[in-house]
Amino acid sequence: MSSRARTSRAKVPSAVPAAVGGAGAPSDERSGTPTYGAAEASALAGVAASSSSASSVAIADFSTEASTEDASVASSERETTDASTTDASADASGAEAPMEIYKSFDDMGLPEQLLRGVYSSGFDRPSEIQTKAVVPIKKGRDALIQSQSGTGKTATFLTGGFCHVDPKRNEVQMVVISPTRELAEQTGNVAKTLGQFMGVRIHLATGGVSVDADLDKLGRGSPAVPHLLVVTPGRFYDLLKRNAVRPSTIKVLVMDEADQLLDAKFKEQILYIMSEPFIWPSTTQIVLVSATMIPAIAEVAKTLLVRDPFTILRDPDTVTLEGIRQFFIKVDHDDQKLDTLCDLSDVLTIQQAVIFANSRKSVEKLANDMIRRGFDVGFIHGEMDAKERKHRMGEFRTGKTRVLISTDLLARGIDVQQISLVINFELPVVNENYIHRIGRSGRYGRKGASINIVTPREERRQEEIETFYSKKVEELPMDLNIY
Ligand code: AMP
């Protein structure tokens with residue numbers, strides 16, 4: 001990839017000051033390649049700040065300008081992929097060339113050891129998002145990918161990204177930023193299986209535990225520096241600041257749950273990571289992935305993507321999860337919610353369930369109330385220490401805990417295939433989190449259901465969610481046959 005690709009931001013979003021794109025992009029004096037500077041970061045911050053949190057949107061007019069080098073690679077690969085077909089509707093931007101569809105992992109031209117990892121993960125055929133996105137990532141294209149929860153996003157960016165990892169090099173070559181430790185751990189586990197035959201070394205660097213172990217692993221004298229680092233934003237920032245990770249060695253940078261990373265809580269940290277004093281070379285490929293994408297975040301995201309970028313965004317009308325039946329139960333007062341929940345005990349114990357509440361306090365109170373009534377439930381929230389969180393997640397993953405009560409900490413990305421029911425004891429404050437929460441059930445096409453327990457006070461909120469997703473939530477039938 002030539003440095004031209006980094007500078008050629010053919011279409012900078014109109015809300016972004018001109019200095020952010022094109023010739024205005026600041027340059028690393030030593031290499032002559034453009035870098036992300038403070039001006040850019042503040043401009044990006046401005047774009048995000050001026051946003052409203054409207055519904056998801058498909059991006060139009062995204063840059064399609066490829067470097068000559070990339071274009072030739074792309075065309076030669078195209079000629080050799082007989083089994084691939086194209087899908088003109090795959091790219092919601094409507095502005096790009098039709099996407100190629102690879103219906104088999106064998107046709108993707110993956111390194112042999114990686115292909116073995118794919119098959120030994122139990123993946124016989126690529127999921128829809130994998131048919132479209134693995135190969136462009138393998139080709140080194142920056143990406144903005146939105147795909148329904150539970151459709152194989154993690155394996156998409158790991159498989160594509162691992163094509164750029166050379167296990168013989170003793171340096172960090174790929175980084176995945178995750179908003180929570182739980183998601184980071186899950187991603188690390190998927191990566192271990194996928195990368196097992198390649199010999200990819202994987203390290204989790206997350207907050208809440210001492211940074212010393214990370215520094216030992218990453219130190220210059222370390223004989224086994226990890227090739228893939230799965231990190232939470234704060235720890236990544238810390239490691240960059242300490243010079244334990246150098247952007248110059250990173251070939252692929254993935255932001256998982258990108259809309260969360262580029263919104264409120266993490267935005268500043270992420271923009272700082274992408275700005276001076278850290279010098280990101282033009283060769284670092286950036287892949288942004290999420291199940292939900294609000295327009296303003298998509299705009300910010302676009303300014304980060306310059307290497308022949310491609311987007312796969314979902315039509316806002318199709319964002320609700322088709323395989324998950326959505327119900328509500330009306331109660332008159334808050335204090336009837338607990339009884340109602342306990343009445344659901346038969347459904348609760350069918351497989352595994354997550355019950356969401358909005359704060360640490362509500363989670364703990366609900367857990368205590370249920371335990372007092374003899375229910376075997378666990379609970380988790382972000383204010384618990386890292387070890388305890390890990391332990392509780394472990395118990396849930398192995399099925400020892402069947403019902404877990406959580407804040408939005410577990411709303412995103414967490415993949416426990418046996419979860420068949422999500423209960424919203426309190427409706428989420430943020431619209432996007434509704435879809436993330438209910439997406440914990442019905443993983444990879446399985447059946448799932450969600451139940452909102454709503455007081456008259458919350459009916460309005462439920463209507464807002466219904467409008468946001470253009471989806472009617474049904475009243476729970478008496479027979480409780482919800483699947
Ligand atoms: P994710 O969307 O990354 O959370 O993945 C959801 C689930 O899909 C995980 O349990 C994966 O193991 C599973 N999965 C991902 N790709 C495939 C595939 N190609 N075939 C079967 N299962 C898959």
# chains A, B, ... in the order shown; residues from 1 in each chain; ligands from 1
call {"tool": "residues_near_ligand", "arguments": {"ligand": "ligand 1", "cutoff": "8 Å", "atoms": "only C-alpha atoms and all ligand atoms", "output": "JSON, numbers by chain"}}
result
{"A": [121, 122, 123, 124, 125, 126, 127, 130, 147, 148, 149, 150, 151, 152, 153, 154, 155, 156, 190, 413, 414, 415, 416, 417, 443, 444]}
call {"tool": "write_last_selection", "arguments": {"atoms": "C-alpha atoms", "output": "PDB file, in the first residue's frame"}}
result
ATOM      1  CA  SER A 121     -13.265 -23.932  14.962  1.00  0.00           C
ATOM      2  CA  GLY A 122     -16.181 -25.880  13.520  1.00  0.00           C
ATOM      3  CA  PHE A 123     -16.864 -23.375  10.763  1.00  0.00           C
ATOM      4  CA  ASP A 124     -17.777 -25.447   7.702  1.00  0.00           C
ATOM      5  CA  ARG A 125     -19.167 -22.619   5.635  1.00  0.00           C
ATOM      6  CA  PRO A 126     -18.758 -18.858   5.967  1.00  0.00           C
ATOM      7  CA  SER A 127     -21.612 -16.875   7.446  1.00  0.00           C
ATOM      8  CA  GLN A 130     -17.822 -13.721   6.231  1.00  0.00           C
ATOM      9  CA  SER A 147     -23.504  -6.914  10.959  1.00  0.00           C
ATOM     10  CA  GLN A 148     -26.263  -8.312  13.077  1.00  0.00           C
ATOM     11  CA  SER A 149     -25.276  -9.612  16.452  1.00  0.00           C
ATOM     12  CA  GLY A 150     -24.321 -13.277  16.502  1.00  0.00           C
ATOM     13  CA  THR A 151     -23.519 -13.564  12.814  1.00  0.00           C
ATOM     14  CA  GLY A 152     -19.819 -14.325  13.080  1.00  0.00           C
ATOM     15  CA  LYS A 153     -18.236 -10.871  13.139  1.00  0.00           C
ATOM     16  CA  THR A 154     -15.371 -11.884  15.376  1.00  0.00           C
ATOM     17  CA  ALA A 155     -14.242 -14.660  13.072  1.00  0.00           C
ATOM     18  CA  THR A 156     -14.609 -12.238  10.154  1.00  0.00           C
ATOM     19  CA  VAL A 190     -11.868 -17.266  19.355  1.00  0.00           C
ATOM     20  CA  GLY A 413     -20.942  -8.979  21.848  1.00  0.00           C
ATOM     21  CA  ILE A 414     -21.058 -11.571  24.607  1.00  0.00           C
ATOM     22  CA  ASP A 415     -21.579 -14.919  22.938  1.00  0.00           C
ATOM     23  CA  VAL A 416     -23.003 -17.699  25.092  1.00  0.00           C
ATOM     24  CA  GLN A 417     -24.817 -19.921  22.661  1.00  0.00           C
ATOM     25  CA  ARG A 443     -26.923 -16.626  18.545  1.00  0.00           C
ATOM     26  CA  TYR A 444     -25.895 -17.680  15.042  1.00  0.00           C
TER      27      TYR A 444
END
call {"tool": "residues_around", "arguments": {"residues": "Gly442 in chain A", "least_positions_apart": "5", "cutoff": "12 Å", "atoms": "only C-alpha atoms", "output": "JSON list (two decimals) with C-alpha atoms, in the first residue's frame"}}
result
[["chain", "number", "residue", "atom", "x", "y", "z"],
["A", 148, "GLN", "CA", -26.26, -8.31, 13.08],
["A", 149, "SER", "CA", -25.28, -9.61, 16.45],
["A", 150, "GLY", "CA", -24.32, -13.28, 16.50],
["A", 151, "THR", "CA", -23.52, -13.56, 12.81],
["A", 321, "LEU", "CA", -33.07, -9.41, 14.96],
["A", 322, "GLU", "CA", -35.41, -11.52, 12.89],
["A", 323, "GLY", "CA", -34.90, -14.76, 14.77],
["A", 324, "ILE", "CA", -35.73, -13.28, 18.16],
["A", 325, "ARG", "CA", -39.34, -12.99, 19.25],
["A", 326, "GLN", "CA", -39.91, -9.86, 21.25],
["A", 351, "GLN", "CA", -31.83, -22.93, 28.98],
["A", 352, "GLN", "CA", -29.91, -19.84, 30.02],
["A", 353, "ALA", "CA", -31.13, -16.30, 30.45],
["A", 414, "ILE", "CA", -21.06, -11.57, 24.61],
["A", 415, "ASP", "CA", -21.58, -14.92, 22.94],
["A", 416, "VAL", "CA", -23.00, -17.70, 25.09],
["A", 417, "GLN", "CA", -24.82, -19.92, 22.66],
["A", 418, "GLN", "CA", -27.21, -21.42, 25.19],
["A", 419, "ILE", "CA", -28.79, -18.06, 26.02],
["A", 420, "SER", "CA", -32.34, -18.35, 24.72],
["A", 421, "LEU", "CA", -34.02, -15.62, 26.72],
["A", 422, "VAL", "CA", -33.27, -12.00, 27.56],
["A", 435, "ILE", "CA", -30.81, -4.52, 20.11],
["A", 436, "HIS", "CA", -27.50, -5.41, 21.70],
["A", 437, "ARG", "CA", -29.24, -6.77, 24.79],
["A", 447, "LYS", "CA", -34.13, -19.30, 18.32],
["A", 448, "GLY", "CA", -34.39, -16.69, 21.00],
["A", 449, "ALA", "CA", -36.85, -14.48, 22.80],
["A", 450, "SER", "CA", -36.91, -11.28, 24.80],
["A", 483, "TYR", "CA", -39.96, -19.87, 21.14]]
call {"tool": "residues_around", "arguments": {"residues": "Met255 in chain A", "least_positions_apart": "4", "cutoff": "10 Å", "atoms": "only C-alpha atoms", "output": "list in words"}}
result
Leu144, Phe157, Val175, Val176, Ile177, Ser178, Pro179, Val231, Thr232, Pro233, Asp259, Gln260, Leu261, Leu262, Ile270, Ile286, Val287, Leu288, Val289 and Ser290 of chain A
call {"tool": "residues_around", "arguments": {"residues": "range 370-386 of chain A", "least_positions_apart": "6", "cutoff": "10 Å", "atoms": "only C-alpha atoms", "output": "ChimeraX atom specification"}}
result
/A:180-182,206-209,338-339,341-342,345,349,353-361,363-364,392-393,395-396,400-410
call {"tool": "atom_distance", "arguments": {"atom1": "CA of Met99 in chain A", "atom2": "CA of Phe468 in chain A"}}
result
28.7 Å
call {"tool": "closest_residue", "arguments": {"among": "A:Ile137, A:Ala244, A:Gly188, A:Gly234", "to": "Leu215 in chain A", "atoms": "only C-alpha atoms"}}
result
A:Ala244
call {"tool": "residues_around", "arguments": {"residues": "Asn189 in chain A", "least_positions_apart": "3", "cutoff": "12 Å", "atoms": "only C-alpha atoms", "output": "number ranges by chain"}}
result
A: 121, 154-155, 158, 182-186, 192-196, 201-204, 228, 230, 415
call {"tool": "write_last_selection", "arguments": {"atoms": "C-alpha atoms", "output": "short mmCIF file (atom, residue, chain, number, x, y, z; two decimals), in the first residue's frame"}}
result
data_model
loop_
_atom_site.label_atom_id
_atom_site.label_comp_id
_atom_site.auth_asym_id
_atom_site.auth_seq_id
_atom_site.Cartn_x
_atom_site.Cartn_y
_atom_site.Cartn_z
CA SER A 121 -13.27 -23.93 14.96
CA THR A 154 -15.37 -11.88 15.38
CA ALA A 155 -14.24 -14.66 13.07
CA LEU A 158 -9.78 -12.31 12.91
CA GLU A 182 -15.46 -9.80 28.94
CA LEU A 183 -15.61 -9.19 25.21
CA ALA A 184 -11.82 -8.97 25.01
CA GLU A 185 -11.51 -12.35 26.68
CA GLN A 186 -14.07 -13.90 24.36
CA LYS A 192 -6.68 -18.91 20.00
CA THR A 193 -8.64 -21.54 18.11
CA LEU A 194 -8.41 -19.79 14.76
CA GLY A 195 -4.71 -19.08 15.04
CA GLN A 196 -3.60 -22.33 16.69
CA ARG A 201 0.72 -15.63 20.02
CA ILE A 202 -2.19 -13.86 21.65
CA HIS A 203 -2.19 -11.62 24.68
CA LEU A 204 -5.07 -9.98 26.53
CA LEU A 228 -2.17 -10.25 18.49
CA VAL A 230 -6.67 -7.80 22.49
CA ASP A 415 -21.58 -14.92 22.94
#
call {"tool": "residues_around", "arguments": {"residues": "Val200 in chain A", "least_positions_apart": "4", "cutoff": "12 Å", "atoms": "only C-alpha atoms", "output": "number ranges by chain"}}
result
A: 113-114, 117, 158-159, 161-174, 188, 191-196, 224-229
call {"tool": "write_last_selection", "arguments": {"atoms": "C-alpha atoms", "output": "mmCIF file, in the first residue's frame"}}
result
data_model
loop_
_atom_site.group_PDB
_atom_site.id
_atom_site.type_symbol
_atom_site.label_atom_id
_atom_site.label_comp_id
_atom_site.auth_asym_id
_atom_site.auth_seq_id
_atom_site.Cartn_x
_atom_site.Cartn_y
_atom_site.Cartn_z
ATOM 1 C CA GLN A 113 -2.572 -23.068 8.574
ATOM 2 C CA LEU A 114 -5.218 -20.414 9.037
ATOM 3 C CA GLY A 117 -7.826 -23.119 12.247
ATOM 4 C CA LEU A 158 -9.777 -12.308 12.906
ATOM 5 C CA THR A 159 -9.636 -14.483 9.798
ATOM 6 C CA GLY A 161 -6.623 -9.894 9.911
ATOM 7 C CA PHE A 162 -4.577 -13.043 10.534
ATOM 8 C CA CYS A 163 -3.685 -13.073 6.832
ATOM 9 C CA HIS A 164 -1.414 -10.122 7.646
ATOM 10 C CA VAL A 165 0.229 -11.663 10.691
ATOM 11 C CA ASP A 166 3.636 -13.225 10.243
ATOM 12 C CA PRO A 167 4.249 -15.441 13.285
ATOM 13 C CA LYS A 168 7.987 -15.406 12.584
ATOM 14 C CA ARG A 169 8.202 -11.749 13.494
ATOM 15 C CA ASN A 170 8.587 -11.128 17.195
ATOM 16 C CA GLU A 171 6.306 -8.088 17.383
ATOM 17 C CA VAL A 172 2.713 -7.019 17.815
ATOM 18 C CA GLN A 173 1.127 -6.987 14.361
ATOM 19 C CA MET A 174 -2.574 -6.933 15.083
ATOM 20 C CA GLY A 188 -8.985 -13.840 22.636
ATOM 21 C CA ALA A 191 -8.442 -16.076 18.174
ATOM 22 C CA LYS A 192 -6.679 -18.911 19.996
ATOM 23 C CA THR A 193 -8.639 -21.535 18.106
ATOM 24 C CA LEU A 194 -8.411 -19.788 14.760
ATOM 25 C CA GLY A 195 -4.709 -19.082 15.043
ATOM 26 C CA GLN A 196 -3.604 -22.333 16.693
ATOM 27 C CA ALA A 224 7.800 -14.222 22.719
ATOM 28 C CA VAL A 225 6.152 -10.879 22.047
ATOM 29 C CA PRO A 226 2.458 -11.463 21.246
ATOM 30 C CA HIS A 227 1.413 -11.099 17.617
ATOM 31 C CA LEU A 228 -2.174 -10.253 18.485
ATOM 32 C CA LEU A 229 -3.040 -7.942 21.338
#
call {"tool": "select_by_dssp", "arguments": {"residues": "range 91-290 of chain A", "states": "strand (DSSP E or B)", "output": "ChimeraX atom specification"}}
result
/A:99-101,143-146,174-177,202-205,228-231,252-256,285-290
call {"tool": "atom_distance", "arguments": {"atom1": "CA of Asp256 in chain A", "atom2": "CA of Gln146 in chain A"}}
result
10.4 Å
call {"tool": "atom_distance", "arguments": {"atom1": "CA of Arg307 in chain A", "atom2": "CA of Ser282 in chain A"}}
result
8.2 Å
